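Content type mmCIF, C-alpha atoms and all ligand atoms, from the file model-v9.cif:
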```
data_target
#
loop_
_atom_site.label_atom_id
_atom_site.label_comp_id
_atom_site.auth_asym_id
_atom_site.auth_seq_id
_atom_site.Cartn_x
_atom_site.Cartn_y
_atom_site.Cartn_z
CA MET X 1 -3.98 -33.81 20.29
CA SER X 2 -1.69 -33.46 17.29
CA ASN X 3 -4.51 -31.57 15.62
CA LYS X 4 -4.55 -29.05 18.40
CA SER X 5 -0.84 -28.33 18.26
CA SER X 6 -0.75 -28.12 14.47
CA LEU X 7 -3.58 -25.63 14.62
CA LYS X 8 -1.67 -23.62 17.16
CA ASP X 9 1.34 -23.63 14.84
CA LYS X 10 -0.79 -22.08 12.19
CA ILE X 11 -1.67 -19.12 14.36
CA LYS X 12 1.48 -17.33 13.40
CA LYS X 13 3.30 -14.49 15.06
CA PRO X 14 2.66 -11.36 12.98
CA ASN X 15 5.60 -10.30 10.79
CA ALA X 16 6.78 -6.72 10.21
CA THR X 17 4.32 -6.08 7.40
CA GLN X 18 1.39 -7.34 9.44
CA THR X 19 2.52 -5.34 12.45
CA PHE X 20 2.71 -2.23 10.26
CA PHE X 21 -0.84 -2.68 9.00
CA ASN X 22 -2.09 -3.55 12.48
CA SER X 23 -0.64 -0.33 13.84
CA TYR X 24 -3.15 1.53 11.66
CA ASP X 25 -6.08 -0.33 13.14
CA ASN X 26 -5.91 2.06 16.07
CA VAL X 27 -6.18 5.21 14.00
CA ASP X 28 -9.97 5.30 14.16
CA VAL X 29 -9.99 4.66 17.89
CA LYS X 30 -7.47 7.44 18.43
CA LYS X 31 -9.60 9.79 16.36
CA GLU X 32 -12.51 9.11 18.69
CA ASP X 33 -10.35 9.68 21.75
CA ARG X 34 -9.30 13.02 20.37
CA LYS X 35 -12.87 13.96 19.65
CA GLU X 36 -13.80 13.24 23.22
CA THR X 37 -10.95 15.25 24.68
CA GLU X 38 -11.85 18.21 22.53
CA ILE X 39 -15.39 18.07 23.79
CA LYS X 40 -14.27 17.78 27.38
CA ASN X 41 -12.24 20.95 26.92
CA ASN X 42 -15.22 22.78 25.61
CA GLU X 43 -16.99 23.64 28.85
CA GLU X 44 -20.30 24.82 27.43
CA ASP X 45 -22.60 21.90 26.79
CA ILE X 46 -20.46 19.09 28.07
CA ILE X 47 -23.30 16.82 29.01
CA LYS X 48 -25.12 16.94 25.73
CA ASN X 49 -21.96 16.43 23.68
CA GLU X 50 -20.71 13.55 25.72
CA ASP X 51 -23.98 11.77 25.28
CA GLU X 52 -23.82 12.27 21.56
CA VAL X 53 -20.28 10.97 21.35
CA ALA X 54 -21.05 7.99 23.51
CA SER X 55 -24.00 6.89 21.47
CA GLU X 56 -22.05 7.45 18.28
CA ILE X 57 -19.28 5.19 19.51
CA TYR X 58 -21.74 2.61 20.62
CA ASP X 59 -23.50 2.59 17.25
CA MET X 60 -20.23 2.08 15.45
CA ASN X 61 -19.36 -0.85 17.61
CA ASP X 62 -22.79 -2.30 17.24
CA ASN X 63 -22.39 -2.35 13.49
CA ASN X 64 -18.99 -3.91 13.80
CA ILE X 65 -20.01 -6.68 16.08
CA ASP X 66 -22.87 -7.94 13.96
CA ASN X 67 -24.98 -10.99 14.72
CA VAL X 68 -22.32 -13.40 13.53
CA VAL X 69 -19.90 -12.88 16.41
CA ASP X 70 -22.58 -12.43 18.99
CA ASN X 71 -20.66 -14.21 21.75
CA LYS X 72 -20.77 -14.10 25.52
CA ASN X 73 -18.31 -11.28 25.74
CA ASN X 74 -20.48 -8.98 23.72
CA ASN X 75 -23.51 -9.77 25.81
CA ASP X 76 -21.61 -8.77 28.93
CA GLU X 77 -20.55 -5.59 27.23
CA ASP X 78 -24.10 -4.83 26.16
CA ASP X 79 -25.21 -5.42 29.72
CA ASP X 80 -22.59 -3.04 31.09
CA TYR X 81 -23.53 -0.50 28.51
CA LEU X 82 -27.22 -0.54 29.43
CA ARG X 83 -26.43 -0.46 33.14
CA MET X 84 -24.27 2.65 32.63
CA LEU X 85 -26.95 4.18 30.48
CA ALA X 86 -29.60 3.59 33.16
CA SER X 87 -27.47 5.10 35.91
CA GLY X 88 -26.77 8.20 33.77
CA ASN X 89 -23.03 7.61 33.75
CA LYS X 90 -20.57 8.45 31.01
CA ILE X 91 -20.18 5.60 28.56
CA LYS X 92 -16.94 4.58 26.96
CA LYS X 93 -16.70 1.44 24.94
CA GLN X 94 -13.50 0.09 23.44
CA LYS X 95 -13.58 -0.92 19.83
CA LYS X 96 -12.81 -4.62 19.44
CA LYS X 97 -9.28 -5.03 18.19
CA LYS X 98 -8.46 -7.35 15.34
CA VAL X 99 -5.05 -8.69 14.37
CA PHE X 100 -3.92 -9.04 10.81
CA THR X 101 -2.57 -12.44 9.84
CA SER X 102 -2.07 -14.43 6.65
CA PHE X 103 -2.07 -18.12 5.86
CA TYR X 104 -2.44 -20.53 2.98
CA MET X 105 -5.88 -21.88 2.17
CA ASP X 106 -6.91 -24.93 0.18
CA PRO X 107 -7.90 -23.67 -3.28
CA ASP X 108 -11.44 -25.09 -3.11
CA LEU X 109 -12.05 -23.41 0.25
CA ALA X 110 -10.60 -20.11 -0.96
CA VAL X 111 -12.98 -20.10 -3.93
CA GLU X 112 -16.04 -20.73 -1.76
CA VAL X 113 -15.04 -18.17 0.84
CA ASP X 114 -14.44 -15.54 -1.84
CA ASN X 115 -17.80 -16.35 -3.38
CA ILE X 116 -19.58 -15.83 -0.09
CA ALA X 117 -17.60 -12.70 0.77
CA SER X 118 -18.24 -11.15 -2.64
CA ARG X 119 -21.94 -11.01 -1.82
CA GLY X 120 -21.33 -9.18 1.47
CA GLU X 121 -19.44 -6.10 2.50
CA LYS X 122 -15.96 -5.21 3.76
CA GLY X 123 -14.97 -7.41 6.71
CA ASP X 124 -17.38 -10.24 5.99
CA LYS X 125 -14.58 -12.57 4.88
CA SER X 126 -12.87 -12.11 8.23
CA LYS X 127 -16.14 -12.66 10.05
CA LEU X 128 -16.71 -15.96 8.28
CA ILE X 129 -13.20 -17.24 8.97
CA ASN X 130 -13.39 -16.15 12.60
CA LYS X 131 -16.70 -17.91 13.06
CA ALA X 132 -15.39 -21.11 11.51
CA ILE X 133 -12.24 -21.22 13.59
CA ARG X 134 -14.09 -20.21 16.73
CA SER X 135 -16.53 -23.08 16.42
CA LEU X 136 -13.73 -25.56 15.66
CA LEU X 137 -11.68 -24.43 18.64
CA GLU X 138 -14.76 -24.60 20.85
CA GLN X 139 -15.29 -28.14 19.69
CA TYR X 140 -11.67 -28.99 20.53
CA GLY X 141 -12.12 -27.38 23.92
CA VAL X 142 -9.32 -24.89 23.30
CA ILE X 143 -11.58 -21.93 24.00
CA GLU X 144 -14.74 -21.57 25.99
CA LYS X 145 -18.08 -21.93 24.27
CA SER X 146 -19.84 -18.63 23.60
CA ARG X 147 -23.04 -18.56 25.60
CA MET I 148 -9.86 7.25 -19.26
CA THR I 149 -9.16 6.38 -15.67
CA ALA I 150 -5.47 6.15 -14.83
CA LYS I 151 -3.73 2.83 -14.34
CA ILE I 152 -1.42 3.02 -11.34
CA VAL I 153 2.05 1.47 -11.43
CA THR I 154 4.21 1.55 -8.29
CA PHE I 155 7.94 0.76 -8.53
CA GLY I 156 9.35 -0.69 -5.34
CA ILE I 157 11.60 -3.01 -3.37
CA SER I 158 12.82 -2.67 0.20
CA LYS I 159 16.44 -2.73 -0.95
CA GLY I 160 18.22 0.49 -1.90
CA GLY I 161 19.73 1.25 -5.27
CA CYS I 162 17.86 -1.25 -7.43
CA SER I 163 17.01 1.42 -10.03
CA LYS I 164 13.49 2.24 -8.83
CA SER I 165 13.85 5.98 -9.47
CA ILE I 166 15.61 5.68 -12.83
CA SER I 167 13.18 3.01 -14.01
CA SER I 168 10.04 4.83 -12.89
CA GLY I 169 11.37 8.04 -14.46
CA ILE I 170 12.21 6.46 -17.82
CA THR I 171 8.90 4.56 -17.83
CA SER I 172 7.01 7.82 -17.21
CA TYR I 173 8.94 9.51 -20.01
CA LEU I 174 8.35 6.72 -22.53
CA LEU I 175 4.64 6.32 -21.72
CA SER I 176 4.14 10.08 -22.09
CA LYS I 177 5.12 9.91 -25.77
CA LYS I 178 1.61 8.66 -26.53
CA GLU I 179 -0.45 8.93 -23.33
CA ARG I 180 -0.97 11.27 -20.40
CA VAL I 181 1.25 10.47 -17.42
CA LEU I 182 1.41 11.71 -13.83
CA ALA I 183 4.65 10.75 -12.05
CA ILE I 184 4.63 10.83 -8.26
CA ASP I 185 7.71 10.92 -6.09
CA MET I 186 7.08 9.23 -2.73
CA ASP I 187 10.75 9.20 -1.69
CA GLY I 188 12.18 12.06 0.38
CA GLN I 189 15.47 11.65 -1.49
CA GLY I 190 13.63 13.30 -4.36
CA ASN I 191 15.59 11.37 -6.99
CA LEU I 192 12.65 11.04 -9.37
CA THR I 193 11.95 14.75 -8.86
CA SER I 194 15.54 15.67 -9.73
CA PHE I 195 15.66 13.19 -12.60
CA LEU I 196 12.58 14.66 -14.30
CA THR I 197 13.16 18.34 -13.47
CA SER I 198 16.99 18.46 -13.50
CA GLU I 199 16.61 20.41 -10.26
CA TYR I 200 18.80 19.36 -7.34
CA ASP I 201 18.01 22.16 -4.88
CA ILE I 202 14.72 20.40 -4.12
CA CYS I 203 14.22 21.68 -0.55
CA ASN I 204 14.13 25.31 -1.64
CA VAL I 205 12.66 25.05 -5.11
CA PHE I 206 9.74 22.83 -4.09
CA GLU I 207 9.31 24.20 -0.59
CA LYS I 208 5.75 23.41 0.61
CA ARG I 209 4.75 22.36 -2.91
CA THR I 210 5.26 18.61 -2.69
CA VAL I 211 3.40 15.36 -2.38
CA LEU I 212 3.54 15.81 1.42
CA GLU I 213 1.26 18.85 1.23
CA ALA I 214 -0.86 17.13 -1.42
CA ILE I 215 -1.55 14.26 0.98
CA LEU I 216 -2.27 16.53 3.94
CA ASP I 217 -4.59 18.67 1.76
CA GLY I 218 -6.35 15.57 0.47
CA ASP I 219 -6.09 16.97 -3.07
CA ALA I 220 -3.07 16.68 -5.39
CA ARG I 221 -4.22 19.21 -8.00
CA LYS I 222 -2.39 22.25 -6.63
CA TYR I 223 0.90 20.36 -6.44
CA ILE I 224 1.22 19.13 -10.02
CA ILE I 225 4.17 20.43 -12.04
CA LYS I 226 4.29 20.33 -15.82
CA ILE I 227 7.38 18.52 -17.13
CA ALA I 228 6.56 18.00 -20.81
CA LYS I 229 3.52 17.93 -23.07
CA ASN I 230 1.96 14.80 -21.59
CA LEU I 231 4.11 14.43 -18.50
CA ASP I 232 3.33 15.90 -15.07
CA LEU I 233 4.96 15.39 -11.69
CA VAL I 234 4.09 15.70 -8.02
CA PRO I 235 7.56 16.30 -6.52
CA ALA I 236 9.08 15.35 -3.19
CA ASN I 237 11.83 16.70 -0.99
CA ASP I 238 13.47 15.86 2.33
CA PHE I 239 10.48 17.06 4.34
CA LEU I 240 8.62 13.95 3.24
CA ALA I 241 10.33 12.35 6.26
CA THR I 242 7.73 14.05 8.45
CA LEU I 243 4.82 12.34 6.69
CA PRO I 244 4.12 9.56 9.24
CA ARG I 245 4.07 11.98 12.15
CA LEU I 246 1.83 14.44 10.34
CA MET I 247 -0.51 11.69 9.23
CA TYR I 248 -0.82 10.60 12.83
CA GLU I 249 -1.48 14.12 14.04
CA ASN I 250 -4.14 14.62 11.38
CA GLY I 251 -5.76 11.24 11.97
CA LEU I 252 -5.06 10.17 8.37
CA ASN I 253 -5.18 6.55 7.36
CA LEU I 254 -3.31 4.60 4.68
CA ASP I 255 -5.89 5.65 2.10
CA ALA I 256 -4.68 9.27 2.33
CA LEU I 257 -2.82 9.18 -1.01
CA GLN I 258 -5.86 7.61 -2.61
CA LYS I 259 -7.95 10.54 -1.44
CA ALA I 260 -5.41 13.07 -2.73
CA LEU I 261 -5.36 11.42 -6.16
CA GLU I 262 -9.08 10.91 -6.62
CA PRO I 263 -9.61 14.38 -8.15
CA VAL I 264 -7.04 13.71 -10.91
CA MET I 265 -7.75 10.05 -11.64
CA GLU I 266 -9.60 10.84 -14.88
CA ASP I 267 -6.99 13.33 -16.11
CA TYR I 268 -4.34 10.71 -16.84
CA ASP I 269 -3.84 7.35 -18.50
CA TRP I 270 -1.02 6.39 -16.15
CA ILE I 271 0.06 7.28 -12.64
CA ILE I 272 3.65 6.12 -12.08
CA ILE I 273 4.94 6.13 -8.49
CA ASP I 274 8.50 5.89 -7.17
CA THR I 275 8.92 4.64 -3.59
CA PRO I 276 11.75 4.54 -1.04
CA PRO I 277 13.47 1.27 -0.10
CA ALA I 278 11.53 0.75 3.13
CA LEU I 279 8.37 -0.61 4.69
CA SER I 280 6.69 2.69 5.51
CA GLU I 281 3.71 4.89 4.71
CA HIS I 282 5.59 6.14 1.63
CA THR I 283 5.61 2.65 0.15
CA VAL I 284 2.37 1.25 1.50
CA MET I 285 0.10 4.14 0.46
CA PRO I 286 0.90 3.92 -3.28
CA LEU I 287 0.21 0.18 -3.16
CA SER I 288 -3.02 0.89 -1.29
CA THR I 289 -4.21 3.31 -3.97
CA TYR I 290 -7.15 1.90 -5.87
CA SER I 291 -8.01 2.56 -9.49
CA SER I 292 -10.91 1.05 -11.38
CA ALA I 293 -8.50 0.77 -14.34
CA GLY I 294 -6.10 -1.33 -12.27
CA SER I 295 -3.27 -0.83 -9.85
CA TYR I 296 0.06 -2.67 -10.25
CA ALA I 297 3.45 -3.11 -8.62
CA VAL I 298 6.75 -3.52 -10.43
CA VAL I 299 9.21 -5.28 -8.15
CA MET I 300 12.76 -4.07 -8.85
CA PHE I 301 15.58 -6.58 -8.60
CA ASP I 302 19.27 -5.92 -9.21
CA GLY I 303 20.38 -9.55 -9.18
CA SER I 304 22.02 -9.29 -5.75
CA MET I 305 21.59 -11.57 -2.78
CA PHE I 306 20.26 -8.73 -0.61
CA ALA I 307 17.59 -7.87 -3.17
CA TYR I 308 16.71 -11.54 -3.62
CA TYR I 309 15.73 -11.75 0.02
CA ALA I 310 13.87 -8.46 -0.16
CA ILE I 311 11.49 -9.82 -2.83
CA PRO I 312 9.27 -12.02 -0.62
CA LYS I 313 9.04 -9.21 1.91
CA PHE I 314 7.91 -6.78 -0.74
CA LEU I 315 5.37 -9.31 -2.01
CA GLU I 316 4.07 -9.48 1.56
CA ILE I 317 3.54 -5.72 1.53
CA ILE I 318 1.66 -6.09 -1.75
CA ASP I 319 -0.54 -8.78 -0.17
CA GLY I 320 -1.23 -6.64 2.88
CA ALA I 321 -2.22 -3.62 0.80
CA LYS I 322 -4.38 -5.81 -1.39
CA GLU I 323 -6.15 -7.39 1.55
CA ARG I 324 -6.77 -4.18 3.42
CA TYR I 325 -7.23 -1.39 0.90
CA ASN I 326 -6.81 -2.35 -2.73
CA PRO I 327 -8.35 -5.65 -3.84
CA ASN I 328 -7.53 -4.65 -7.43
CA LEU I 329 -3.77 -4.60 -6.83
CA GLY I 330 -1.70 -6.90 -9.01
CA THR I 331 1.99 -7.65 -9.41
CA ALA I 332 2.98 -6.57 -12.92
CA GLY I 333 6.24 -8.45 -12.52
CA ILE I 334 9.78 -8.65 -11.19
CA LEU I 335 12.14 -6.50 -13.25
CA PHE I 336 15.82 -7.40 -13.45
CA SER I 337 17.79 -4.18 -13.67
CA LEU I 338 21.33 -2.88 -13.32
CA ILE I 339 22.47 -6.29 -14.50
CA ASP I 340 26.16 -6.52 -15.18
CA ALA I 341 26.56 -8.34 -18.49
CA ARG I 342 29.63 -10.17 -17.21
CA ALA I 343 28.33 -11.41 -13.87
CA LYS I 344 28.40 -15.19 -13.79
CA GLU I 345 25.51 -15.56 -11.38
CA ASN I 346 22.94 -13.87 -13.63
CA GLU I 347 21.64 -17.08 -15.10
CA ILE I 348 21.35 -18.74 -11.70
CA MET I 349 19.43 -15.77 -10.38
CA GLU I 350 17.05 -15.88 -13.34
CA GLU I 351 16.43 -19.58 -12.81
CA SER I 352 15.93 -19.14 -9.07
CA ILE I 353 13.36 -16.40 -9.62
CA ASP I 354 11.57 -18.43 -12.29
CA GLU I 355 11.37 -21.44 -10.00
CA GLU I 356 10.19 -19.43 -7.02
CA TYR I 357 7.81 -17.11 -8.89
CA PRO I 358 6.86 -18.77 -12.17
CA GLY I 359 5.84 -16.36 -14.92
CA VAL I 360 6.36 -13.27 -12.78
CA ARG I 361 9.71 -12.11 -14.19
CA PHE I 362 9.70 -9.60 -17.04
CA LYS I 363 11.40 -11.14 -20.05
CA THR I 364 13.20 -7.85 -20.64
CA ILE I 365 16.37 -7.45 -18.61
CA ILE I 366 17.72 -3.95 -18.05
CA LYS I 367 21.49 -4.14 -18.30
CA ARG I 368 23.82 -1.69 -16.62
CA LYS I 369 24.74 1.01 -19.11
CA ALA I 370 26.81 4.16 -18.80
CA ALA I 371 24.48 6.04 -21.15
CA THR I 372 21.52 5.19 -18.88
CA ARG I 373 23.37 6.40 -15.83
CA ARG I 374 24.32 9.64 -17.64
CA LEU I 375 20.64 10.42 -18.28
CA ALA I 376 20.51 12.04 -14.85
CA ILE I 377 23.14 14.52 -16.09
CA THR I 378 22.23 14.96 -19.72
CA GLY I 379 18.43 14.73 -19.49
CA PHE I 380 16.07 13.54 -22.21
CA ASP I 381 16.02 16.62 -24.44
CA GLU I 382 18.53 16.92 -27.25
CA ASN I 383 20.47 14.02 -25.89
CA PRO I 384 22.49 12.46 -28.73
CA GLU I 385 22.80 9.12 -26.90
CA LEU I 386 19.15 8.94 -25.85
CA LYS I 387 18.39 5.94 -28.04
CA ASN I 388 21.29 4.06 -26.54
CA ALA I 389 20.29 5.05 -22.99
CA LEU I 390 16.73 3.78 -23.47
CA GLU I 391 17.63 0.60 -25.35
CA TYR I 392 16.33 -1.86 -22.74
CA TYR I 393 13.52 0.31 -21.47
CA ILE I 394 11.65 0.43 -24.77
CA PRO I 395 10.93 -3.33 -24.77
CA PHE I 396 10.27 -3.20 -21.01
CA VAL I 397 7.52 -0.58 -21.38
CA LYS I 398 6.00 -2.59 -24.22
CA GLU I 399 5.96 -5.66 -22.01
CA LEU I 400 4.53 -3.70 -19.07
CA LYS I 401 1.67 -2.36 -21.20
CA LYS I 402 0.90 -5.82 -22.48
CA ARG I 403 0.90 -7.31 -19.00
CA VAL I 404 -1.38 -4.75 -17.41
CA LYS I 405 -3.78 -4.96 -20.37
CA GLN I 406 -3.95 -8.73 -20.30
CA GLU I 407 -4.80 -9.28 -16.69
CA GLN I 408 -7.88 -7.09 -16.50
CA PRO I 409 -8.56 -6.60 -12.80
CA GLN I 410 -11.88 -7.84 -11.48
CA GLY I 411 -14.37 -5.27 -10.21
N1 LIG U 501 20.38 0.65 -16.23
C1 LIG U 501 21.28 1.36 -15.53
N2 LIG U 501 22.56 1.43 -15.96
C2 LIG U 501 23.48 2.12 -15.25
N3 LIG U 501 23.23 2.77 -14.12
C3 LIG U 501 21.98 2.74 -13.64
C4 LIG U 501 20.94 2.03 -14.31
N4 LIG U 501 19.80 2.16 -13.57
C5 LIG U 501 20.13 2.90 -12.51
N5 LIG U 501 21.42 3.27 -12.54
C6 LIG U 501 22.16 4.03 -11.53
O1 LIG U 501 22.17 3.24 -10.35
C7 LIG U 501 22.01 4.06 -9.20
C8 LIG U 501 20.79 3.60 -8.42
O2 LIG U 501 19.64 3.83 -9.20
P1 LIG U 501 18.34 4.49 -8.56
O3 LIG U 501 18.68 5.73 -7.81
O4 LIG U 501 17.33 4.60 -9.65
O5 LIG U 501 17.95 3.33 -7.56
P2 LIG U 501 16.79 3.35 -6.45
O6 LIG U 501 16.29 1.96 -6.36
O7 LIG U 501 15.81 4.40 -6.77
O8 LIG U 501 17.60 3.74 -5.16
P3 LIG U 501 16.97 4.12 -3.72
O9 LIG U 501 16.61 2.82 -3.10
O10 LIG U 501 18.05 4.83 -2.99
O11 LIG U 501 15.78 4.99 -3.98
C9 LIG U 501 21.89 5.47 -9.70
O12 LIG U 501 23.15 6.09 -9.61
C10 LIG U 501 21.49 5.33 -11.15
O13 LIG U 501 21.96 6.38 -11.95
MG MG U 502 15.15 5.99 -5.56
#
```
Transcribe the structure of this file into structure tokens.
Ligand SMILES: Nc1ncnc2c1ncn2[C@@H]1O[C@H](COP(=O)(O)OP(=O)(O)OP(=O)(O)O)[C@@H](O)[C@H]1O
Ligand SMILES: [Mg+2]
Amino acid sequence: MSNKSSLKDKIKKPNATQTFFNSYDNVDVKKEDRKETEIKNNEEDIIKNEDEVASEIYDMNDNNIDNVVDNKNNNDEDDDYLRMLASGNKIKKQKKKKVFTSFYMDPDLAVEVDNIASRGEKGDKSKLINKAIRSLLEQYGVIEKSR
Amino acid sequence: MTAKIVTFGISKGGCSKSISSGITSYLLSKKERVLAIDMDGQGNLTSFLTSEYDICNVFEKRTVLEAILDGDARKYIIKIAKNLDLVPANDFLATLPRLMYENGLNLDALQKALEPVMEDYDWIIIDTPPALSEHTVMPLSTYSSAGSYAVVMFDGSMFAYYAIPKFLEIIDGAKERYNPNLGTAGILFSLIDARAKENEIMEESIDEEYPGVRFKTIIKRKAATRRLAITGFDENPELKNALEYYIPFVKELKKRVKQEQPQG
């Protein structure tokens, strides 16, 4: 019990700096929105362009999601996506939002995590930490088990 | 040689960011090639280095704002002295966040604008405004393979003392998101009144809180330093006096950024 609440304490409210950086996480999404509106305005080959945009967006998200965070949510989304695709409807998928936070790590853990992350690419450190905390919180019953 | 980047900052006004970044640029340019960049719409660094105060007219549409929007700084570089160049700023820099948003630019926009000139200089020295904004965050987010550093300005006041951890947070954020190479060169005491009783306590507090981070050199308040903005560097009979504390500071800065070689 005390474990649970101390963990919750560690999930801090973002400060001004974190909020500032987080506000830029939407820039890419907004860029995509704009792209889509531009295409909509261009009446010529609407259908073809929309398809292109949709699959582009989907590919980007696919890369982002990766096998590591392959949880229930994503499966549902994949399902929806395919259903839309089959029915010939327009597809719009939201990019998964991340929040920026900071915390203190035990030095031995920090070294190992950096070692692992240095072999991967941008974002892998976050993926690892997310996976670890997700499985711990599942174990504690704080969040629902994926799949 | 690829340029080392040094950003002067603190989210507290009047801590001598502009004067210190200007003098540092001047001193480094005696032996190496320096590009100074003004990221503050007040344009104090611009005026300090050019002696021009009518910055809105003189540098109209020829500032760092346009350099960032163009994604290439080359057209906006002004020659100041043999080895010293400047990308100026004026009041229109206030429109930067809005224009970045409209153009879908991210916090790596300054990085992109500077990439074409990275090899042309040994140092890129950047002055920032006293605020958490794009103007401050983008310089800190600018990566260089030769290293990228922040100098945290501190005037010994209570307000600045509490601005330090916040500025260090900005450094951490930029490092995490955009610039893993970023390091803190140190906390620089400046504008220190020789007679203030609390100086020693402030030094001890900083040393306890941030061991080894403080520059050993302390820039004391000096009338000759203040007058530099009027008299300029050329043919200034009191120049030596005005730069007294900055000469050891620049030496220390060079040593610090050479020692801690950033990891790839
Ligand atoms: N060592 C010094 N001795 C005396 N006066 C100084 C010294 N350093 C700076 N000043 C003066 O202190 C004032 C504030 O300095 P400066 O404008 O460089 O601060 P700043 O941190 O850039 O301010 P801002 O936050 O508004 O950008 C200026 O009038 C400047 O001339
Ligand atoms: Mg200033």
Item checked: One-decimal distance in Å that lies between atom CA of Val211 of chain I and atom CA of Ala376 of chain I -> 21.4 Å
Check: Expressed in Å to a single decimal, how great is the separation between atom CA of Ser158 of chain I and atom CA of Arg180 of chain I?
Finding: 28.4 Å
Notebook entry, point to check: Residues within 7 Å of ligand LIG 501 (chain U) (all atoms listed in the file), as number ranges by chain?
Noted result: I: 159-167, 187, 191, 275-277, 337-338, 366-370, 372-374, 376
Checklist line | Distance in Å - atom CA of Asp232 of chain I versus atom CA of Tyr173 of chain I | finding: 9.8 Å
Note to self: Under the rule that all atoms listed in the file are counted, which of I:Lys322, I:Lys405, I:Lys398, I:Lys313 is the nearest residue to chain X?
What the structure shows: I:Lys313
Margin query: I need the contact residues of chain I against chain X, so if you could list those with any atom within 7 Å, counting only C-alpha atoms, and return them as an NGL selection string, that would help.
Written below: :I and (251 or 253 or 316-317)
Margin query: Counting all atoms listed in the file, which residue out of I:Leu175, I:Ala278, I:Ala214, I:Ala260 sits closest to ligand MG 502 (chain U)?
Written below: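 When distances to ligand MG 502 (chain U) are compared using all atoms listed in the file, the smallest one comes from I:Ala278.
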Check: Out of I:Val181, I:Ile170, I:Met186, I:Ala332, which residue has the shortest atom-to-atom distance to ligand MG 502 (chain U) when counting only C-alpha atoms and all ligand atoms?
Finding: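 Between I:Val181, I:Ile170, I:Met186, I:Ala332, the residue approaching ligand MG 502 (chain U) most closely is I:Met186.
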Tell me, as a short mmCIF file (atom, residue, chain, number, x, y, z; two decimals) with C-alpha atoms, in the coordinates of the input, which residues lie within 9 Å of Lys363 of chain I, counting only C-alpha atoms; anything in the same chain fewer than 5 positions away does not count.
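Saved file selection-v9.cif follows:
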```cif
data_model
loop_
_atom_site.label_atom_id
_atom_site.label_comp_id
_atom_site.auth_asym_id
_atom_site.auth_seq_id
_atom_site.Cartn_x
_atom_site.Cartn_y
_atom_site.Cartn_z
CA LEU I 335 12.14 -6.50 -13.25
CA PHE I 336 15.82 -7.40 -13.45
CA PHE I 396 10.27 -3.20 -21.01
CA GLU I 399 5.96 -5.66 -22.01
#
```
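Comparing I:Trp270, I:Tyr200, I:Tyr223, I:Phe314 by their smallest distance to Ala297 of chain I, the closest is I:Phe314 (using all atoms listed in the file).
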Item checked: Test item: residues at most 12 Å from Ser198 of chain I, all atoms listed in the file, excluding those fewer than 5 positions along its chain, as a PyMOL selection string -> chain I and resi 169+190-193+205+227+235+375-381
